[in-house]
Amino acid sequence: MHLKLPGLEDRPPKTWIRSQMWQLLAAACWMLLLGSMYGYDKKGNNANPEANMNISQIISYWGYPYEEYDVTTKDGYILGIYRIPHGRGCPGRTDSGYDVWLGNSRGNTWSRKHLKLSPKSPEYWAFSLDEMAKYDLPATINFIIEKTGQKRLYYVGHSQGTTIAFIAFSTNPELAKKIKIFFALAPVVTVKYTQSPMKKLTTLSRRVVKVLFGDKMFHPHTLFDQFIATKVCNRKLFRRICSNFLFTLSGFDPQNLNMSRLDVYLSHNPAGTSVQNMLHWAQAVNSGQLQAFDWGNSDQNMMHFHQLTPPLYNITKMEVPTAIWNGGQDIVADPKDVENLLPQIANLIYYKLIPHYNHVDFYLGEDAPQEIYQDLIILMEEYLQN
């Protein structure tokens, strides 16, 4: 199912998103004003504390130990990564027994520093999938290996986290050797069939995109977003509106979402990326291929790639054992695109299509432990024996 809103076809993406959010804010303000008169402010306001926490605070809130690290890439970006070394209580209690690391890509909320460049400068934001795969992922994996003494790691990626992994593991054989299994949730390699509203970007020229969004950060998480998430979406009265906004961008599965935690989900999303990264996605939609970023002229392409046109990424060269889960209602990682991806995986060890899943069910779905995580852990246990 795909939600089609009247007039959407004629509006640029930014205008549509702002219009929807401003309408929501206007309705919310009236209801918040009137709420105290009718008791709505006390009845429906069940705020979740994690909505105003950072990553470390959320981990600690649930009783787990945490460690924070800064990882510096070869091109000077500083990435915030987080570790949950063991289970609740003491090192002897390790739940499923795994040392969990949470990575971040450049430019998001938790990785917005650089040795020399300021995030206020266009130069800082001159990156896309290419740099995340070439610099961010190797720096993170190598840091973890050095810190833990492990020779190989399990890698779990979702959406863009799978894209940069497919690029990195197919172009960097030494990095690929350090991965035991690549678990790909809602994998995105080609986006020829995507139905996400972000597809509207592909109808705009680069010049128009830069007029609309500038040349720095794309759709950062603002104080306005935080207000909507924590003061509006935590109220029962607005949960349906807020969830519809979420589903419009990811596909529909309303029965599988814990509506009482919408404030948490929306307060940490979006986390921000570069306008150049969104141009790279638009390029992928238009070409139907996974290809390096086209810098717009042959001189720039020659400087970056030593050829006039950006190179294609050959996924068939990736030999990492790979397990894939995708959703039948996913409008971002469309099932047709995933179907085209599967024959290219040289070492596919597991595949599962979950018919009712949308793009965010893989980490927000209430049945994700049964549909995904149990089998994921079983696969890890099996490979530990090898």
# chains A, B, ... in the order shown; residues from 1 in each chain; ligands from 1
>>> residues_around(residues="Thr202 of chain A", least_positions_apart="6", cutoff="12 Å", atoms="only C-alpha atoms", output="MDAnalysis selection string")
chainID A and resid 12:13 191:192 194:196 208:209 278:288
>>> write_last_selection(atoms="N, CA, C and O atoms", output="JSON list (two decimals), in the first residue's frame")
[["chain", "number", "residue", "atom", "x", "y", "z"],
["A", 12, "PRO", "N", 7.61, 20.39, -4.76],
["A", 12, "PRO", "CA", 8.96, 19.90, -4.46],
["A", 12, "PRO", "C", 8.95, 19.22, -3.12],
["A", 12, "PRO", "O", 8.14, 19.55, -2.25],
["A", 13, "PRO", "N", 9.85, 18.25, -2.87],
["A", 13, "PRO", "CA", 9.86, 17.48, -1.64],
["A", 13, "PRO", "C", 9.91, 18.33, -0.39],
["A", 13, "PRO", "O", 9.20, 18.09, 0.57],
["A", 191, "VAL", "N", 18.11, 1.26, -6.81],
["A", 191, "VAL", "CA", 16.82, 1.82, -6.35],
["A", 191, "VAL", "C", 15.96, 2.19, -7.56],
["A", 191, "VAL", "O", 15.22, 3.17, -7.54],
["A", 192, "LYS", "N", 16.03, 1.35, -8.57],
["A", 192, "LYS", "CA", 15.28, 1.60, -9.80],
["A", 192, "LYS", "C", 13.77, 1.61, -9.55],
["A", 192, "LYS", "O", 13.03, 2.37, -10.16],
["A", 194, "THR", "N", 12.23, 1.98, -6.42],
["A", 194, "THR", "CA", 11.81, 2.59, -5.16],
["A", 194, "THR", "C", 10.60, 3.51, -5.35],
["A", 194, "THR", "O", 10.49, 4.20, -6.37],
["A", 195, "GLN", "N", 9.71, 3.48, -4.37],
["A", 195, "GLN", "CA", 8.52, 4.33, -4.41],
["A", 195, "GLN", "C", 8.52, 5.37, -3.29],
["A", 195, "GLN", "O", 7.51, 6.00, -3.02],
["A", 196, "SER", "N", 9.65, 5.54, -2.64],
["A", 196, "SER", "CA", 9.74, 6.53, -1.56],
["A", 196, "SER", "C", 9.48, 7.93, -2.11],
["A", 196, "SER", "O", 9.86, 8.24, -3.24],
["A", 208, "VAL", "N", 18.36, 23.08, -9.24],
["A", 208, "VAL", "CA", 17.14, 23.27, -8.47],
["A", 208, "VAL", "C", 17.29, 22.67, -7.07],
["A", 208, "VAL", "O", 16.87, 23.26, -6.07],
["A", 209, "VAL", "N", 17.90, 21.48, -6.98],
["A", 209, "VAL", "CA", 18.12, 20.84, -5.69],
["A", 209, "VAL", "C", 18.94, 21.75, -4.79],
["A", 209, "VAL", "O", 18.64, 21.91, -3.60],
["A", 278, "MET", "N", 22.28, 12.90, -1.11],
["A", 278, "MET", "CA", 20.94, 12.76, -1.70],
["A", 278, "MET", "C", 21.01, 12.85, -3.23],
["A", 278, "MET", "O", 20.24, 12.18, -3.92],
["A", 279, "LEU", "N", 21.91, 13.67, -3.75],
["A", 279, "LEU", "CA", 22.12, 13.71, -5.20],
["A", 279, "LEU", "C", 22.63, 12.37, -5.71],
["A", 279, "LEU", "O", 22.29, 11.93, -6.81],
["A", 280, "HIS", "N", 23.46, 11.71, -4.89],
["A", 280, "HIS", "CA", 23.97, 10.38, -5.26],
["A", 280, "HIS", "C", 22.81, 9.38, -5.33],
["A", 280, "HIS", "O", 22.74, 8.55, -6.25],
["A", 281, "TRP", "N", 21.89, 9.46, -4.34],
["A", 281, "TRP", "CA", 20.71, 8.58, -4.38],
["A", 281, "TRP", "C", 19.86, 8.86, -5.61],
["A", 281, "TRP", "O", 19.38, 7.93, -6.27],
["A", 282, "ALA", "N", 19.66, 10.13, -5.94],
["A", 282, "ALA", "CA", 18.87, 10.49, -7.12],
["A", 282, "ALA", "C", 19.53, 9.96, -8.38],
["A", 282, "ALA", "O", 18.85, 9.46, -9.30],
["A", 283, "GLN", "N", 20.84, 10.03, -8.43],
["A", 283, "GLN", "CA", 21.60, 9.48, -9.57],
["A", 283, "GLN", "C", 21.36, 7.98, -9.70],
["A", 283, "GLN", "O", 21.16, 7.46, -10.80],
["A", 284, "ALA", "N", 21.33, 7.28, -8.55],
["A", 284, "ALA", "CA", 21.11, 5.83, -8.56],
["A", 284, "ALA", "C", 19.70, 5.47, -9.06],
["A", 284, "ALA", "O", 19.51, 4.49, -9.79],
["A", 285, "VAL", "N", 18.72, 6.29, -8.67],
["A", 285, "VAL", "CA", 17.35, 6.05, -9.14],
["A", 285, "VAL", "C", 17.27, 6.23, -10.65],
["A", 285, "VAL", "O", 16.68, 5.41, -11.36],
["A", 286, "ASN", "N", 17.87, 7.29, -11.15],
["A", 286, "ASN", "CA", 17.81, 7.58, -12.58],
["A", 286, "ASN", "C", 18.57, 6.58, -13.44],
["A", 286, "ASN", "O", 18.15, 6.24, -14.54],
["A", 287, "SER", "N", 19.70, 6.08, -12.91],
["A", 287, "SER", "CA", 20.54, 5.18, -13.71],
["A", 287, "SER", "C", 20.13, 3.72, -13.53],
["A", 287, "SER", "O", 20.40, 2.89, -14.40],
["A", 288, "GLY", "N", 19.53, 3.39, -12.39],
["A", 288, "GLY", "CA", 19.21, 1.99, -12.10],
["A", 288, "GLY", "C", 20.45, 1.18, -11.79],
["A", 288, "GLY", "O", 20.40, -0.06, -11.79]]
>>> select_by_dssp(residues="segment 162-203 of chain A", states="strand (DSSP E or B)", output="JSON, numbers by chain")
{"A": [179, 180, 181, 182, 183, 184, 185]}
>>> write_last_selection(atoms="N, CA, C and O atoms", output="mmCIF file, in the first residue's frame")
data_model
loop_
_atom_site.group_PDB
_atom_site.id
_atom_site.type_symbol
_atom_site.label_atom_id
_atom_site.label_comp_id
_atom_site.auth_asym_id
_atom_site.auth_seq_id
_atom_site.Cartn_x
_atom_site.Cartn_y
_atom_site.Cartn_z
ATOM 1 N N ILE A 179 35.452 -9.778 7.735
ATOM 2 C CA ILE A 179 34.032 -9.953 8.030
ATOM 3 C C ILE A 179 33.662 -11.431 7.960
ATOM 4 O O ILE A 179 33.874 -12.093 6.945
ATOM 5 N N LYS A 180 33.104 -11.961 9.069
ATOM 6 C CA LYS A 180 32.665 -13.361 9.103
ATOM 7 C C LYS A 180 31.377 -13.536 8.307
ATOM 8 O O LYS A 180 31.256 -14.434 7.458
ATOM 9 N N ILE A 181 30.373 -12.710 8.629
ATOM 10 C CA ILE A 181 29.099 -12.713 7.915
ATOM 11 C C ILE A 181 28.609 -11.277 7.780
ATOM 12 O O ILE A 181 28.731 -10.476 8.712
ATOM 13 N N PHE A 182 28.066 -10.968 6.628
ATOM 14 C CA PHE A 182 27.429 -9.687 6.381
ATOM 15 C C PHE A 182 25.918 -9.913 6.437
ATOM 16 O O PHE A 182 25.354 -10.595 5.598
ATOM 17 N N PHE A 183 25.266 -9.358 7.475
ATOM 18 C CA PHE A 183 23.818 -9.460 7.621
ATOM 19 C C PHE A 183 23.193 -8.197 7.023
ATOM 20 O O PHE A 183 23.381 -7.099 7.555
ATOM 21 N N ALA A 184 22.477 -8.358 5.934
ATOM 22 C CA ALA A 184 21.924 -7.216 5.202
ATOM 23 C C ALA A 184 20.413 -7.140 5.409
ATOM 24 O O ALA A 184 19.671 -7.993 4.926
ATOM 25 N N LEU A 185 19.960 -6.116 6.140
ATOM 26 C CA LEU A 185 18.545 -5.903 6.407
ATOM 27 C C LEU A 185 18.034 -4.791 5.497
ATOM 28 O O LEU A 185 18.583 -3.695 5.488
#
>>> residues_around(residues="segment 307-315 of chain A", least_positions_apart="5", cutoff="7 Å", atoms="only C-alpha atoms", output="CSV table (one decimal) with all heavy atoms, in the first residue's frame")
chain,number,residue,atom,x,y,z
A,166,PHE,N,28.2,-3.1,0.7
A,166,PHE,CA,28.4,-3.7,-0.6
A,166,PHE,C,29.5,-3.1,-1.4
A,166,PHE,O,30.3,-3.7,-2.1
A,166,PHE,CB,27.0,-3.7,-1.4
A,166,PHE,CG,26.1,-4.7,-1.0
A,166,PHE,CD1,24.9,-4.5,-0.4
A,166,PHE,CD2,26.3,-6.1,-1.3
A,166,PHE,CE1,23.9,-5.4,-0.1
A,166,PHE,CE2,25.4,-7.1,-1.0
A,166,PHE,CZ,24.2,-6.8,-0.4
A,167,ILE,N,29.6,-1.7,-1.3
A,167,ILE,CA,30.6,-1.0,-2.0
A,167,ILE,C,32.0,-1.3,-1.4
A,167,ILE,O,32.9,-1.7,-2.1
A,167,ILE,CB,30.4,0.5,-2.0
A,167,ILE,CG1,29.1,0.9,-2.7
A,167,ILE,CG2,31.6,1.3,-2.6
A,167,ILE,CD1,28.7,2.3,-2.5
A,170,SER,N,33.2,-5.1,-1.8
A,170,SER,CA,33.4,-5.5,-3.2
A,170,SER,C,34.6,-4.8,-3.8
A,170,SER,O,35.2,-5.3,-4.8
A,170,SER,CB,32.2,-5.2,-4.1
A,170,SER,OG,31.9,-3.9,-4.1
A,290,LEU,N,24.4,0.8,-9.4
A,290,LEU,CA,25.2,1.3,-8.3
A,290,LEU,C,26.5,1.8,-8.8
A,290,LEU,O,27.3,1.0,-9.3
A,290,LEU,CB,25.4,0.1,-7.3
A,290,LEU,CG,26.2,0.5,-6.0
A,290,LEU,CD1,25.4,1.5,-5.2
A,290,LEU,CD2,26.5,-0.7,-5.2
A,291,GLN,N,26.7,3.1,-8.8
A,291,GLN,CA,27.8,3.7,-9.4
A,291,GLN,C,28.4,4.8,-8.5
A,291,GLN,O,27.6,5.4,-7.7
A,291,GLN,CB,27.3,4.3,-10.7
A,291,GLN,CG,28.3,4.9,-11.7
A,291,GLN,CD,27.6,5.4,-13.0
A,291,GLN,OE1,26.4,5.7,-13.0
A,291,GLN,NE2,28.3,5.5,-14.0
A,292,ALA,N,29.6,5.1,-8.7
A,292,ALA,CA,30.2,6.2,-7.9
A,292,ALA,C,29.6,7.5,-8.3
A,292,ALA,O,28.9,7.7,-9.3
A,292,ALA,CB,31.7,6.3,-8.2
A,293,PHE,N,29.7,8.5,-7.4
A,293,PHE,CA,29.1,9.8,-7.6
A,293,PHE,C,29.6,10.5,-8.8
A,293,PHE,O,30.8,10.6,-9.0
A,293,PHE,CB,29.3,10.7,-6.3
A,293,PHE,CG,28.7,12.0,-6.4
A,293,PHE,CD1,27.3,12.2,-6.4
A,293,PHE,CD2,29.5,13.2,-6.6
A,293,PHE,CE1,26.7,13.4,-6.5
A,293,PHE,CE2,28.9,14.4,-6.6
A,293,PHE,CZ,27.5,14.6,-6.6
A,294,ASP,N,28.7,11.0,-9.6
A,294,ASP,CA,29.0,11.8,-10.8
A,294,ASP,C,29.2,13.2,-10.4
A,294,ASP,O,28.3,13.9,-10.0
A,294,ASP,CB,27.9,11.7,-11.9
A,294,ASP,CG,28.4,12.3,-13.2
A,294,ASP,OD1,29.3,13.1,-13.2
A,294,ASP,OD2,27.8,11.9,-14.2
A,298,SER,N,33.6,16.2,-16.6
A,298,SER,CA,34.6,15.2,-16.9
A,298,SER,C,35.9,15.5,-16.1
A,298,SER,O,36.6,14.6,-15.7
A,298,SER,CB,34.9,15.2,-18.4
A,298,SER,OG,35.2,16.4,-18.9
A,301,ASN,N,35.4,14.4,-12.5
A,301,ASN,CA,35.4,12.9,-12.5
A,301,ASN,C,36.8,12.3,-12.7
A,301,ASN,O,37.2,11.4,-12.1
A,301,ASN,CB,34.5,12.3,-13.6
A,301,ASN,CG,33.0,12.5,-13.2
A,301,ASN,OD1,32.7,12.6,-12.0
A,301,ASN,ND2,32.2,12.6,-14.2
A,302,MET,N,37.6,13.0,-13.6
A,302,MET,CA,39.0,12.5,-13.9
A,302,MET,C,39.8,12.7,-12.7
A,302,MET,O,40.7,11.8,-12.3
A,302,MET,CB,39.6,13.3,-15.1
A,302,MET,CG,41.0,12.9,-15.5
A,302,MET,SD,41.0,11.2,-16.1
A,302,MET,CE,40.2,11.4,-17.7
A,344,GLN,N,23.4,-11.6,-7.8
A,344,GLN,CA,24.7,-11.1,-7.8
A,344,GLN,C,25.5,-11.4,-6.6
A,344,GLN,O,26.7,-11.1,-6.6
A,344,GLN,CB,24.6,-9.5,-8.0
A,344,GLN,CG,23.9,-9.0,-9.2
A,344,GLN,CD,23.9,-7.5,-9.3
A,344,GLN,OE1,24.9,-6.9,-9.2
A,344,GLN,NE2,22.7,-7.0,-9.4
A,345,ILE,N,24.9,-12.0,-5.6
A,345,ILE,CA,25.6,-12.3,-4.4
A,345,ILE,C,26.3,-13.6,-4.5
A,345,ILE,O,25.7,-14.7,-4.7
A,345,ILE,CB,24.6,-12.4,-3.2
A,345,ILE,CG1,23.7,-11.1,-3.1
A,345,ILE,CG2,25.4,-12.6,-1.9
A,345,ILE,CD1,24.5,-9.9,-2.9
>>> residues_around(residues="Glu50 of chain A", least_positions_apart="3", cutoff="9 Å", atoms="only C-alpha atoms", output="list in words")
Ala47, Met53, Asn54, Ile55, Gln57, Ile58, Tyr61, Asp263, Val264 and Ser267 of chain A
>>> atom_distance(atom1="atom CA of Asn277 of chain A", atom2="atom CA of Ser118 of chain A")
17.8 Å
>>> select_by_dssp(residues="segment 232-372 of chain A", states="helix (DSSP H, G or I)", output="number ranges by chain")
A: 232, 236-250, 254-256, 259-267, 275-287, 298-305, 315-317, 335-344, 361-364, 368-372
>>> closest_residue(among="A:Gly149, A:Pro122, A:Gly327, A:Gly251", to="Pro197 of chain A", atoms="only C-alpha atoms")
A:Gly251
>>> closest_residue(among="A:Ser250, A:Asn269, A:Asn326, A:Asn142", to="Gln226 of chain A", atoms="only C-alpha atoms")
A:Asn269
>>> closest_residue(among="A:Tyr193, A:Tyr124, A:Phe213, A:Trp110", to="Lys336 of chain A", atoms="only C-alpha atoms")
A:Tyr193
>>> residues_around(residues="Leu353 of chain A", least_positions_apart="2", cutoff="12 Å", atoms="only C-alpha atoms", output="list in words")
Leu185, Ala186, Pro187, Ala323, Ile324, Trp325, Asn326, Gly327, Gly328, Gln329, Asp330, Ala333, Asp334, Pro335, Lys336, Val338, Glu339, Leu342, Tyr350, Tyr351, Pro355, His356, Tyr357, Asn358, Phe362, Glu371 and Ile372 of chain A
>>> atom_distance(atom1="atom CA of Pro321 of chain A", atom2="atom CA of His158 of chain A")
16.3 Å
